[in-house]
Each structure stands twice: as structure tokens, then as C-alpha cells.
>>> print(open('input.json').read())   # JSON, C-alpha atoms
[["chain", "number", "residue", "atom", "x", "y", "z"],
["A", 1, "MET", "CA", 80.55, 85.08, 118.40],
["A", 2, "GLY", "CA", 82.99, 82.82, 116.63],
["A", 3, "PHE", "CA", 86.70, 82.82, 116.13],
["A", 4, "ARG", "CA", 87.99, 84.19, 112.83],
["A", 5, "GLN", "CA", 91.32, 82.40, 113.00],
["A", 6, "ALA", "CA", 93.28, 80.26, 115.43],
["A", 7, "TYR", "CA", 97.02, 80.70, 116.02],
["A", 8, "MET", "CA", 99.43, 78.44, 117.85],
["A", 9, "PHE", "CA", 102.55, 79.86, 119.49],
["A", 10, "ARG", "CA", 105.66, 77.75, 120.01],
["A", 11, "PRO", "CA", 107.92, 80.03, 122.06],
["A", 12, "GLY", "CA", 110.80, 77.67, 122.87],
["A", 13, "PHE", "CA", 113.14, 78.81, 125.66],
["A", 14, "LEU", "CA", 111.63, 81.86, 127.38],
["A", 15, "LYS", "CA", 113.45, 84.54, 129.31],
["A", 16, "THR", "CA", 111.40, 85.75, 132.23],
["A", 17, "THR", "CA", 110.76, 89.41, 132.86],
["A", 18, "PRO", "CA", 112.60, 91.01, 135.81],
["A", 19, "GLY", "CA", 110.24, 91.51, 138.75],
["A", 20, "GLN", "CA", 107.74, 89.01, 137.40],
["A", 21, "ARG", "CA", 105.64, 87.29, 140.04],
["A", 22, "HIS", "CA", 104.61, 83.64, 140.08],
["A", 23, "VAL", "CA", 107.76, 82.33, 138.43],
["A", 24, "LEU", "CA", 108.94, 78.91, 139.51],
["A", 25, "SER", "CA", 111.84, 79.26, 141.93],
["A", 26, "TYR", "CA", 114.21, 77.06, 139.94],
["A", 27, "TYR", "CA", 114.04, 79.37, 136.89],
["A", 28, "LYS", "CA", 116.71, 81.54, 138.48],
["A", 29, "TYR", "CA", 119.15, 78.68, 137.95],
["A", 30, "PHE", "CA", 118.47, 78.64, 134.21],
["A", 31, "SER", "CA", 118.17, 82.36, 133.44],
["A", 32, "TRP", "CA", 121.89, 82.66, 132.69],
["A", 33, "LEU", "CA", 121.36, 80.31, 129.74],
["A", 34, "TYR", "CA", 119.18, 82.76, 127.80],
["A", 35, "PRO", "CA", 122.00, 84.86, 126.27],
["A", 36, "VAL", "CA", 123.87, 81.68, 125.34],
["A", 37, "VAL", "CA", 120.85, 80.06, 123.67],
["A", 38, "ARG", "CA", 119.82, 83.31, 121.93],
["A", 39, "GLY", "CA", 123.38, 83.85, 120.68],
["A", 40, "LEU", "CA", 124.00, 80.32, 119.42],
["A", 41, "GLY", "CA", 120.48, 79.47, 118.29],
["A", 42, "PRO", "CA", 118.28, 82.53, 117.96],
["A", 43, "LYS", "CA", 115.46, 80.43, 116.53],
["A", 44, "TYR", "CA", 115.11, 78.64, 119.87],
["A", 45, "ALA", "CA", 114.78, 81.49, 122.42],
["A", 46, "SER", "CA", 112.51, 84.49, 122.96],
["A", 47, "THR", "CA", 111.42, 86.71, 125.83],
["A", 48, "LEU", "CA", 108.06, 86.88, 127.54],
["A", 49, "VAL", "CA", 107.76, 90.48, 126.35],
["A", 50, "GLU", "CA", 108.21, 89.38, 122.73],
["A", 51, "LEU", "CA", 105.67, 86.60, 123.19],
["A", 52, "GLY", "CA", 103.11, 88.96, 124.71],
["A", 53, "GLN", "CA", 103.62, 91.60, 122.02],
["A", 54, "ALA", "CA", 103.36, 88.98, 119.27],
["A", 55, "MET", "CA", 100.13, 87.60, 120.74],
["A", 56, "LEU", "CA", 98.60, 91.07, 120.85],
["A", 57, "HIS", "CA", 99.71, 91.97, 117.32],
["A", 58, "VAL", "CA", 98.60, 88.65, 115.83],
["A", 59, "SER", "CA", 95.19, 88.81, 117.52],
["A", 60, "GLN", "CA", 94.64, 92.32, 116.14],
["A", 61, "ARG", "CA", 96.16, 92.00, 112.66],
["A", 62, "GLY", "CA", 96.46, 88.29, 111.95],
["A", 63, "TYR", "CA", 99.51, 86.50, 110.62],
["A", 64, "ALA", "CA", 100.37, 84.62, 107.44],
["A", 65, "LYS", "CA", 100.97, 81.29, 109.22],
["A", 66, "PRO", "CA", 98.76, 79.56, 111.81],
["A", 67, "VAL", "CA", 101.73, 78.15, 113.76],
["A", 68, "LEU", "CA", 104.26, 80.71, 114.94],
["A", 69, "GLU", "CA", 107.74, 79.45, 115.79],
["A", 70, "VAL", "CA", 110.31, 81.61, 117.61],
["A", 71, "PRO", "CA", 111.48, 83.58, 114.53],
["A", 72, "ASP", "CA", 107.84, 84.32, 113.68],
["A", 73, "ILE", "CA", 107.13, 85.40, 117.26],
["A", 74, "VAL", "CA", 110.10, 87.79, 117.26],
["A", 75, "ALA", "CA", 109.04, 89.21, 113.87],
["A", 76, "ALA", "CA", 105.40, 89.61, 114.93],
["A", 77, "ALA", "CA", 106.46, 91.34, 118.15],
["A", 78, "LYS", "CA", 108.26, 94.05, 116.17],
["A", 79, "LYS", "CA", 105.32, 94.86, 113.88]]
>>> encode(input="input.json", output="C-alpha cells")
Amino acid sequence: MGFRQAYMFRPGFLKTTPGQRHVLSYYKYFSWLYPVVRGLGPKYASTLVELGQAMLHVSQRGYAKPVLEVPDIVAAAKK
């Protein structure tokens, strides 16, 4: 069984999911930055939920580009 296509994800700054286990303890000191980064530079920040949804959708349906940056991840998560 071989791979049909390979995709690389470049998620940038990630917002953790509330209640998530196994998150490094110092992330709580940076979580307040997410709304600032997403507001000022939306092409640099995404959530773990968006990343997971994008990975599922891309693995099932493919994507036009092999390297997905943050805007591509957000778009693929909505499909």
C-alpha cells in the first residue's frame, strides 16, 4: 500500500483546545496572545481544531497544494 499524495502542514501559532491534556505548562502564559496574533496577522495563527479538521479533510479529499500554510489550513478546515 503506497501513499497517493504527501501534504505538509505549517500551522504557525496554535491555540490549544480547552481541557486538552499533555500541553506544556508554560503554554498558559502564551495563550492570551492568540487573539492578538489572529487579529493582527490572521495568516500566522490557527487553532488545533482547525488543524485537525484540515488534516482529516485533506487526507480524504486532497488539496491543490502540497504545502498548506495557515490560510490554507483554515480554508481546508471549513470544507
>>> residues_around(input="input.json", residues="region 70-79 of chain A", least_positions_apart="6", cutoff="10 Å", atoms="only C-alpha atoms", output="ChimeraX atom specification")
/A:9-14,42-47,49-58,61-64
>>> atom_distance(input="input.json", atom1="CA of Thr17 (chain A)", atom2="CA of Tyr29 (chain A)")
14.5 Å
>>> atom_distance(input="input.json", atom1="CA of Met8 (chain A)", atom2="CA of Leu33 (chain A)")
25.0 Å
>>> atom_distance(input="input.json", atom1="CA of Val36 (chain A)", atom2="CA of Val67 (chain A)")
25.2 Å
>>> residues_around(input="input.json", residues="Tyr27 (chain A)", least_positions_apart="4", cutoff="9 Å", atoms="only C-alpha atoms", output="MDAnalysis selection string")
chainID A and resid 16 23 31
>>> axis_aligned_box(input="input.json", around="region 42-50 of chain A", padding_each_side="3 Å", output="lines of an AutoDock Vina configuration file")
center_x = 113.0
center_y = 84.6
center_z = 122.0
size_x = 16.5
size_y = 17.8
size_z = 17.0
>>> decode(input="input.json", residues="region 43-66 of chain A", atoms="C-alpha atoms", output="PDB file, in the first residue's frame")
ATOM      1  CA  LYS A  43      -2.104  34.214   8.289  1.00  0.00           C
ATOM      2  CA  TYR A  44       0.096  33.330  11.263  1.00  0.00           C
ATOM      3  CA  ALA A  45      -2.324  31.716  13.760  1.00  0.00           C
ATOM      4  CA  SER A  46      -4.762  28.801  13.787  1.00  0.00           C
ATOM      5  CA  THR A  47      -6.385  26.515  16.331  1.00  0.00           C
ATOM      6  CA  LEU A  48      -5.731  22.856  16.973  1.00  0.00           C
ATOM      7  CA  VAL A  49      -9.330  22.146  15.965  1.00  0.00           C
ATOM      8  CA  GLU A  50      -8.768  23.812  12.583  1.00  0.00           C
ATOM      9  CA  LEU A  51      -5.534  21.889  12.106  1.00  0.00           C
ATOM     10  CA  GLY A  52      -7.190  18.571  12.931  1.00  0.00           C
ATOM     11  CA  GLN A  53     -10.182  19.234  10.675  1.00  0.00           C
ATOM     12  CA  ALA A  54      -7.898  20.314   7.829  1.00  0.00           C
ATOM     13  CA  MET A  55      -5.786  17.165   8.186  1.00  0.00           C
ATOM     14  CA  LEU A  56      -8.872  14.971   8.046  1.00  0.00           C
ATOM     15  CA  HIS A  57     -10.372  16.800   5.064  1.00  0.00           C
ATOM     16  CA  VAL A  58      -7.106  16.873   3.116  1.00  0.00           C
ATOM     17  CA  SER A  59      -6.432  13.176   3.722  1.00  0.00           C
ATOM     18  CA  GLN A  60      -9.924  12.310   2.456  1.00  0.00           C
ATOM     19  CA  ARG A  61     -10.304  14.771  -0.431  1.00  0.00           C
ATOM     20  CA  GLY A  62      -6.823  16.024  -1.240  1.00  0.00           C
ATOM     21  CA  TYR A  63      -5.800  19.634  -1.712  1.00  0.00           C
ATOM     22  CA  ALA A  64      -4.496  21.721  -4.598  1.00  0.00           C
ATOM     23  CA  LYS A  65      -1.151  22.490  -2.928  1.00  0.00           C
ATOM     24  CA  PRO A  66       1.256  20.056  -1.218  1.00  0.00           C
TER      25      PRO A  66
END
